[in-house]
file final03.cif (mmCIF, C-alpha atoms)
data_model
#
loop_
_atom_site.label_atom_id
_atom_site.label_comp_id
_atom_site.auth_asym_id
_atom_site.auth_seq_id
_atom_site.Cartn_x
_atom_site.Cartn_y
_atom_site.Cartn_z
CA MET D 149 -13.15 5.52 -15.32
CA ASP D 150 -12.39 1.97 -14.18
CA VAL D 151 -9.17 0.92 -12.44
CA ALA D 152 -7.69 -2.52 -11.85
CA CYS D 153 -4.45 -3.83 -10.39
CA ASN D 154 -3.58 -7.51 -10.23
CA LEU D 155 -0.69 -9.51 -8.84
CA ILE D 156 0.28 -12.19 -11.34
CA ARG D 157 2.53 -15.04 -10.28
CA LEU D 158 4.83 -16.18 -13.06
CA LYS D 159 5.61 -19.83 -13.68
CA GLN D 160 8.97 -20.87 -12.28
CA GLY D 161 11.83 -20.11 -14.67
CA SER D 162 9.73 -17.90 -16.95
CA LEU D 163 11.32 -14.55 -16.08
CA PRO D 164 13.45 -14.48 -19.28
CA THR D 165 10.25 -14.98 -21.31
CA ALA D 166 8.54 -12.16 -19.40
CA ARG D 167 11.47 -9.84 -20.09
CA LYS D 168 11.38 -10.77 -23.80
CA TRP D 169 7.62 -10.09 -23.90
CA ALA D 170 8.17 -6.65 -22.32
CA GLU D 171 10.93 -5.90 -24.84
CA THR D 172 8.62 -6.90 -27.70
CA MET D 173 5.76 -4.73 -26.39
CA ASN D 174 8.10 -1.75 -25.93
CA ASP D 175 9.53 -2.23 -29.43
CA ARG D 176 6.00 -2.31 -30.88
CA MET D 177 4.61 0.56 -28.81
CA LYS D 178 2.76 2.17 -31.73
CA GLU D 179 0.72 -1.02 -32.19
CA VAL D 180 0.30 -1.42 -28.41
CA LEU D 181 -1.13 2.10 -28.17
CA ALA D 182 -3.50 1.46 -31.08
CA SER D 183 -4.74 -1.66 -29.31
CA LEU D 184 -5.19 0.21 -26.02
CA HIS D 185 -7.16 2.89 -27.84
CA ASP D 186 -9.51 0.24 -29.25
CA GLU D 187 -9.92 -1.20 -25.75
CA SER D 188 -10.64 2.21 -24.10
CA VAL D 189 -7.52 1.73 -21.96
CA VAL D 190 -5.76 4.97 -21.05
CA ILE D 191 -2.98 3.50 -18.88
CA GLU D 192 -1.48 0.03 -18.73
CA SER D 193 1.61 -0.40 -16.58
CA VAL D 194 3.38 -3.63 -15.68
CA PHE D 195 5.94 -3.88 -12.89
CA LEU D 196 8.19 -6.79 -11.93
CA LEU D 197 8.25 -7.90 -8.30
CA SER D 198 10.85 -10.57 -7.50
CA ARG D 199 10.67 -12.38 -4.17
CA ARG D 200 12.36 -15.46 -2.75
CA GLU D 201 9.25 -17.52 -3.50
CA GLY D 202 9.03 -16.39 -7.13
CA ASP D 203 8.50 -13.63 -9.66
CA TYR D 204 5.33 -11.60 -10.04
CA LEU D 205 3.92 -8.96 -12.32
CA VAL D 206 2.01 -6.06 -10.80
CA TYR D 207 -0.44 -5.24 -13.58
CA TYR D 208 -2.20 -1.85 -13.41
CA MET D 209 -4.87 -0.65 -15.85
CA ARG D 210 -7.07 2.41 -16.11
CA ALA D 211 -9.83 2.26 -18.72
CA VAL D 212 -12.96 4.12 -19.64
CA SER D 213 -14.66 0.73 -19.26
CA MET D 214 -13.04 -2.57 -18.23
CA GLU D 215 -16.04 -4.35 -19.73
CA GLN D 216 -15.43 -2.64 -23.09
CA SER D 217 -11.75 -3.50 -22.79
CA ARG D 218 -12.45 -7.21 -22.21
CA THR D 219 -14.94 -7.30 -25.10
CA SER D 220 -12.62 -5.48 -27.50
CA VAL D 221 -9.59 -7.66 -26.81
CA LYS D 222 -11.56 -10.80 -27.69
CA THR D 223 -12.10 -9.55 -31.25
CA SER D 224 -8.81 -7.69 -31.66
CA GLU D 225 -6.93 -8.03 -34.93
CA HIS D 226 -3.75 -6.48 -33.52
CA GLU D 227 -0.86 -8.93 -33.64
CA VAL D 228 0.42 -7.65 -30.26
CA ASP D 229 -2.81 -8.88 -28.67
CA ALA D 230 -2.15 -12.38 -30.01
CA ILE D 231 1.41 -12.18 -28.66
CA HIS D 232 0.07 -11.04 -25.28
CA LYS D 233 -2.50 -13.85 -25.18
CA ARG D 234 0.20 -16.48 -25.83
CA PHE D 235 2.40 -14.85 -23.17
CA LYS D 236 -0.39 -15.12 -20.60
CA GLN D 237 -1.03 -18.77 -21.43
CA GLU D 238 2.65 -19.73 -21.33
CA VAL D 239 3.89 -17.65 -18.39
CA TRP D 240 1.11 -16.68 -16.00
CA GLU D 241 0.60 -19.17 -13.18
CA SER D 242 -2.07 -17.36 -11.18
CA ILE D 243 -3.81 -14.00 -10.82
CA GLU D 244 -4.66 -12.33 -7.54
CA GLU D 245 -6.94 -9.29 -7.61
CA THR D 246 -6.09 -6.39 -5.34
CA GLU D 247 -8.41 -4.10 -3.40
CA LEU D 248 -8.47 -0.46 -4.48
CA LEU D 249 -8.00 1.80 -1.46
CA LEU D 250 -7.17 5.11 -3.13
CA ASP D 251 -7.46 6.33 -6.69
CA ALA D 252 -6.27 9.92 -7.08
CA SER D 253 -5.62 11.44 -10.46
CA ILE D 254 -5.56 14.90 -11.96
CA TRP D 255 -7.99 13.42 -14.50
CA HIS D 256 -10.46 12.87 -11.68
CA LYS D 257 -12.52 16.06 -11.61
CA THR D 258 -14.71 16.87 -8.65
CA GLU D 259 -17.01 19.83 -8.05
CA ASP D 260 -14.53 21.45 -5.64
CA SER D 261 -11.44 20.67 -7.70
CA ALA D 262 -9.08 23.55 -8.36
CA LEU D 263 -7.89 21.82 -11.52
CA PRO D 264 -9.57 22.45 -14.88
#
call {"tool": "encode", "arguments": {"input": "final03.cif", "output": "structure tokens"}}
result
Amino acid sequence: MDVACNLIRLKQGSLPTARKWAETMNDRMKEVLASLHDESVVIESVFLLSRREGDYLVYYMRAVSMEQSRTSVKTSEHEVDAIHKRFKQEVWESIEETELLLDASIWHKTEDSALP
């Protein structure tokens, strides 16, 4: 399982557009989930972080394969993926990758795990 979390700086004044994008994605959740399935993504969470210097998205993903996810999204026929691509082009100013320090999940099975 692959995990990624990025800090995305939004262009100044674009917060209303980001909120509208989130509303659209939430309203079309069935299509979003179908797209995530095609991309091998099991979790995609987006958080808003507002600071004096600007607004940011904290973008977390867990996928069977990030490589498969990137490949699949390029050929996606889901309309929500086209909407998301336009959103990124119009609103995202920069992307900063984060360093993974801990990744604990009940889905993470180890030999000594008490969980099934």
call {"tool": "atom_distance", "arguments": {"input": "final03.cif", "atom1": "CA of Ala166 (chain D)", "atom2": "CA of Ser224 (chain D)"}}
result
21.7 Å
call {"tool": "residues_around", "arguments": {"input": "final03.cif", "residues": "region 197-199 of chain D", "least_positions_apart": "5", "cutoff": "10 Å", "atoms": "all atoms listed in the file", "output": "CSV table (one decimal) with C-alpha atoms, keeping the file's coordinate frame"}}
result
chain,number,residue,atom,x,y,z
D,155,LEU,CA,-0.7,-9.5,-8.8
D,156,ILE,CA,0.3,-12.2,-11.3
D,157,ARG,CA,2.5,-15.0,-10.3
D,158,LEU,CA,4.8,-16.2,-13.1
D,163,LEU,CA,11.3,-14.6,-16.1
D,204,TYR,CA,5.3,-11.6,-10.0
D,205,LEU,CA,3.9,-9.0,-12.3
D,206,VAL,CA,2.0,-6.1,-10.8
call {"tool": "resolve_selection", "arguments": {"input": "final03.cif", "expression": "the PyMOL selection byres ((chain D and resi 217) around 10)", "output": "VMD selection string"}}
result
chain D and resid 183 to 189 211 to 216 218 to 222
call {"tool": "atom_distance", "arguments": {"input": "final03.cif", "atom1": "CA of Val228 (chain D)", "atom2": "CA of Ala170 (chain D)"}}
result
11.1 Å
call {"tool": "residues_around", "arguments": {"input": "final03.cif", "residues": "Arg167 (chain D)", "least_positions_apart": "5", "cutoff": "12 Å", "atoms": "only C-alpha atoms", "output": "number ranges by chain"}}
result
D: 158, 161-162, 172-174, 194-196, 203-205, 235, 239
